[in-house]
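Engineer: Please find one structure pasted underneath; my questions will follow.
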Amino acid sequence: MKRWNGWGNVNTDYPVPSSALDYLTKRLGSLDPIPDCTKETVLSAVSESRLPAHPLVDTSAEERLMHARGQSMRDWVGLRYGRVKSFPDGVAFPETDEDVRSLLKYAKEAGARVIPYGGGTSVVGHITPCPNDKPVLSLSLEKMTRLLDLDETSRLATFQAGVAGPQLEEQLKSRGYTLGHFPQSFEYSTLGGWIVTRSSGQQSYRYGKIESLFAGGRLETPRGRLEIKPVPASAAGMDIREMVLGSEGRLGVVTQAKVRVRRLPEAESFFGVFFPSWEQGSDAVREIVQSELPVSMLRLSNPLETETTLILSGKSWVGMADRGLRMVGYGDTRCLLIFGVTGSRQLFGRTRRDAAAGLS
Ligand SMILES: Cc1cc2nc3c(=O)[nH]c(=O)nc-3n(C[C@H](O)[C@H](O)[C@H](O)COP(=O)(O)OP(=O)(O)OC[C@H]3O[C@@H](n4cnc5c(N)ncnc54)[C@H](O)[C@@H]3O)c2cc1C
């Protein structure tokens, strides 16, 4: 079960290593956290729902709290300190496109505002209901997770849009394919959410951002259904996909999406390299990009992120490696570059060698 006031599953804990606590104390001063508010206290602030009854709508305080906020620092602080003032009036759980249509009709008749809800990983307040005189319906796609079709000739997969990252990759993997879209919120964020927020993944350098992966799909809107055909590049008029990409739930609910998939790579590995300074690191990244080396990921951390990453890992060998780096002149300005190599075995070997040669 998902945590109600933070990231992750209640059964998975991430204890902060003592070295990391020392480091945080050094940087932020003595830590004296205010105790978290209990769930019961926050639940007691949920007021009476203003929505009429509907078989697909849950108006329990519990579900309304679970869909009240995203995952930003502001959201967490609000939840943990009981500063949550607005809640949706109900949460709908459709299973089909027809359910979504009927829920939009119901919301219209009830004078309600609708907030489509994917994985709830928004960090910009998308899914926070505005205190308002109109009821708010959160429309969760968590039951719409199926792979509907895999066209292996065109390499197009059609999914229900509520599918979250791991469920999507699992369904493709069993058929030998991958989408290759791995935002850091992969665990919970959904295909529909990625499309309407123009999401970018850790390996978008290889696979492309979501706008290159999204080939077409279906939207249920208060005015009816919009079908977007997966036509190849066209010179005729506007590209309707561009209207949907980044629409953040304002045009309607994406219920199905067709995405471009690829065969699973034969080989993949990630490597870490240190540079004495940001300038040297960014020069190397520019060199790799401009020489068109087919790496799948490049992530250069500045000195502060490098230090934080090393210390928060809490692993003893990382501490030893850190001391070794300092001895050879990689001091406080050092920067960590993580790069990934993904592809056929032959390409993998060559790229790894060329990248290492370019970085030395
Ligand atoms: C720890 C963490 C790491 C992150 N890393 C990344 C990253 O690497 N790359 C990145 O791009 N973003 C990242 N994000 C931001 C966030 O995960 C993305 O914006 C993601 O695409 C949101 O998807 P979601 O399914 O959770 O959408 P939600 O948060 O549920 O909704 C976001 C918006 O999309 C709308 N929406 C959702 N589903 C639909 C649908 N089916 N139809 C219509 N509208 C819909 C909602 O109404 C809302 O406006 C991160 C967030 C966190 C908390």
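Residues are named by chain letter and number: chains run A, B, ... in the order of the structure tokens, numbers start at 1 in each chain, and ligands are numbered from 1 in the order shown.
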Enumerate the residues of range 31-161 of chain A with a DSSP assignment of strand (DSSP E or B), computed from the backbone, and present them as a VMD selection string.
Structural biologist: chain A and resid 57 to 58 90 to 92 113 to 117 136 to 140 147 to 151 156 to 160
Engineer: Please write the residues from the selection above to a file, keeping C-alpha atoms, as an mmCIF file, in the first residue's frame.
Structural biologist:
```cif
data_model
loop_
_atom_site.group_PDB
_atom_site.id
_atom_site.type_symbol
_atom_site.label_atom_id
_atom_site.label_comp_id
_atom_site.auth_asym_id
_atom_site.auth_seq_id
_atom_site.Cartn_x
_atom_site.Cartn_y
_atom_site.Cartn_z
ATOM 1 C CA VAL A 57 -17.437 7.129 -7.116
ATOM 2 C CA ASP A 58 -15.941 6.609 -3.657
ATOM 3 C CA GLY A 90 -15.013 11.973 -4.405
ATOM 4 C CA VAL A 91 -12.710 9.648 -6.326
ATOM 5 C CA ALA A 92 -13.928 7.718 -9.367
ATOM 6 C CA ARG A 113 -14.837 19.984 -11.773
ATOM 7 C CA VAL A 114 -12.859 16.941 -12.855
ATOM 8 C CA ILE A 115 -9.182 16.315 -12.128
ATOM 9 C CA PRO A 116 -7.784 13.308 -14.025
ATOM 10 C CA TYR A 117 -5.453 11.381 -11.681
ATOM 11 C CA VAL A 136 -14.366 18.332 -7.323
ATOM 12 C CA LEU A 137 -14.198 14.819 -8.742
ATOM 13 C CA SER A 138 -10.800 13.127 -8.895
ATOM 14 C CA LEU A 139 -10.887 10.636 -11.770
ATOM 15 C CA SER A 140 -8.303 7.953 -11.080
ATOM 16 C CA LEU A 147 -1.901 -3.733 -22.830
ATOM 17 C CA LEU A 148 -4.687 -3.754 -25.439
ATOM 18 C CA ASP A 149 -2.665 -4.457 -28.561
ATOM 19 C CA LEU A 150 0.897 -4.985 -29.718
ATOM 20 C CA ASP A 151 1.408 -4.439 -33.437
ATOM 21 C CA LEU A 156 3.177 0.115 -31.805
ATOM 22 C CA ALA A 157 1.735 -0.862 -28.423
ATOM 23 C CA THR A 158 -1.700 0.306 -27.316
ATOM 24 C CA PHE A 159 -2.176 0.636 -23.559
ATOM 25 C CA GLN A 160 -4.906 1.849 -21.270
#
```
Engineer: Using only C-alpha atoms and all ligand atoms, what does the table of chain A residues within 7 Å of ligand 1 look like, with each row giving the shortest atom pair and its distance in Å to one decimal, sorted by chain and ascending number, as a tab-separated table?
Structural biologist:
```
residue	atom	partner	partner_atom_place_in_ligand_line	distance
A:Gly70	CA	ligand 1	29 (O)	6.1
A:Gln71	CA	ligand 1	53 (C)	4.7
A:Ser72	CA	ligand 1	53 (C)	6.2
A:Ile115	CA	ligand 1	47 (O)	4.9
A:Pro116	CA	ligand 1	47 (O)	3.9
A:Tyr117	CA	ligand 1	30 (O)	4.0
A:Gly118	CA	ligand 1	30 (O)	3.4
A:Gly119	CA	ligand 1	26 (O)	3.5
A:Gly120	CA	ligand 1	30 (O)	3.4
A:Thr121	CA	ligand 1	26 (O)	3.7
A:Ser122	CA	ligand 1	29 (O)	3.5
A:Val123	CA	ligand 1	51 (C)	5.7
A:His126	CA	ligand 1	49 (O)	4.4
A:Ile127	CA	ligand 1	48 (C)	5.4
A:Leu141	CA	ligand 1	41 (N)	6.5
A:Ala161	CA	ligand 1	41 (N)	5.2
A:Gly162	CA	ligand 1	41 (N)	5.9
A:Phe182	CA	ligand 1	8 (O)	6.9
A:Pro183	CA	ligand 1	8 (O)	3.4
A:Gln184	CA	ligand 1	5 (N)	3.8
A:Ser185	CA	ligand 1	3 (C)	3.9
A:Tyr188	CA	ligand 1	26 (O)	6.2
A:Ser189	CA	ligand 1	26 (O)	3.6
A:Thr190	CA	ligand 1	25 (O)	3.6
A:Leu191	CA	ligand 1	25 (O)	6.4
A:Gly192	CA	ligand 1	41 (N)	3.7
A:Gly193	CA	ligand 1	25 (O)	3.6
A:Trp194	CA	ligand 1	21 (O)	3.5
A:Ile195	CA	ligand 1	21 (O)	6.9
A:Val196	CA	ligand 1	34 (O)	5.4
A:Thr197	CA	ligand 1	19 (O)	5.2
A:Arg198	CA	ligand 1	11 (O)	6.5
A:Ser199	CA	ligand 1	11 (O)	3.3
A:Ser200	CA	ligand 1	11 (O)	4.0
A:Gly201	CA	ligand 1	8 (O)	5.1
A:Gln202	CA	ligand 1	8 (O)	6.2
A:Glu248	CA	ligand 1	49 (O)	3.9
A:Gly249	CA	ligand 1	44 (N)	3.4
A:Gly252	CA	ligand 1	43 (C)	5.7
A:Val253	CA	ligand 1	42 (N)	3.7
A:Val254	CA	ligand 1	42 (N)	3.7
A:Thr255	CA	ligand 1	41 (N)	5.6
```
Engineer: Just to confirm, what's the straight-line distance from CA of Val341 in chain A to CA of Gly180 in chain A in Å (one decimal)?
Structural biologist: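 Calculated distance between CA of Val341 in chain A and CA of Gly180 in chain A is 13.0 Å.
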Engineer: Given the choices A:Asn9, A:Ser277, A:Ser291, A:Ser316, which gets closest to Leu304 in chain A if the distance is worked out from only C-alpha atoms?
Structural biologist: A:Ser277
Engineer: What does the distance between CA of Gly111 in chain A and CA of Lys134 in chain A come to in Å, to one decimal place?
Structural biologist: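 Interatomic distance here is 6.6 Å.
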Engineer: How would you write, as number ranges by chain, the set of residues in range 22-163 of chain A that DSSP gives as helix (DSSP H, G or I)?
Structural biologist: A: 22-28, 39-43, 61-66, 73-80, 97-109
Engineer: For range 21-35 of chain A, please output as JSON, numbers by chain all residues within 12 Å (counting only C-alpha atoms; exclusion window: fewer than 5 positions along the same chain).
Structural biologist: {"A": [15, 16, 77, 79, 80, 81, 82, 304, 307, 308, 309, 310, 311, 312, 313, 314]}
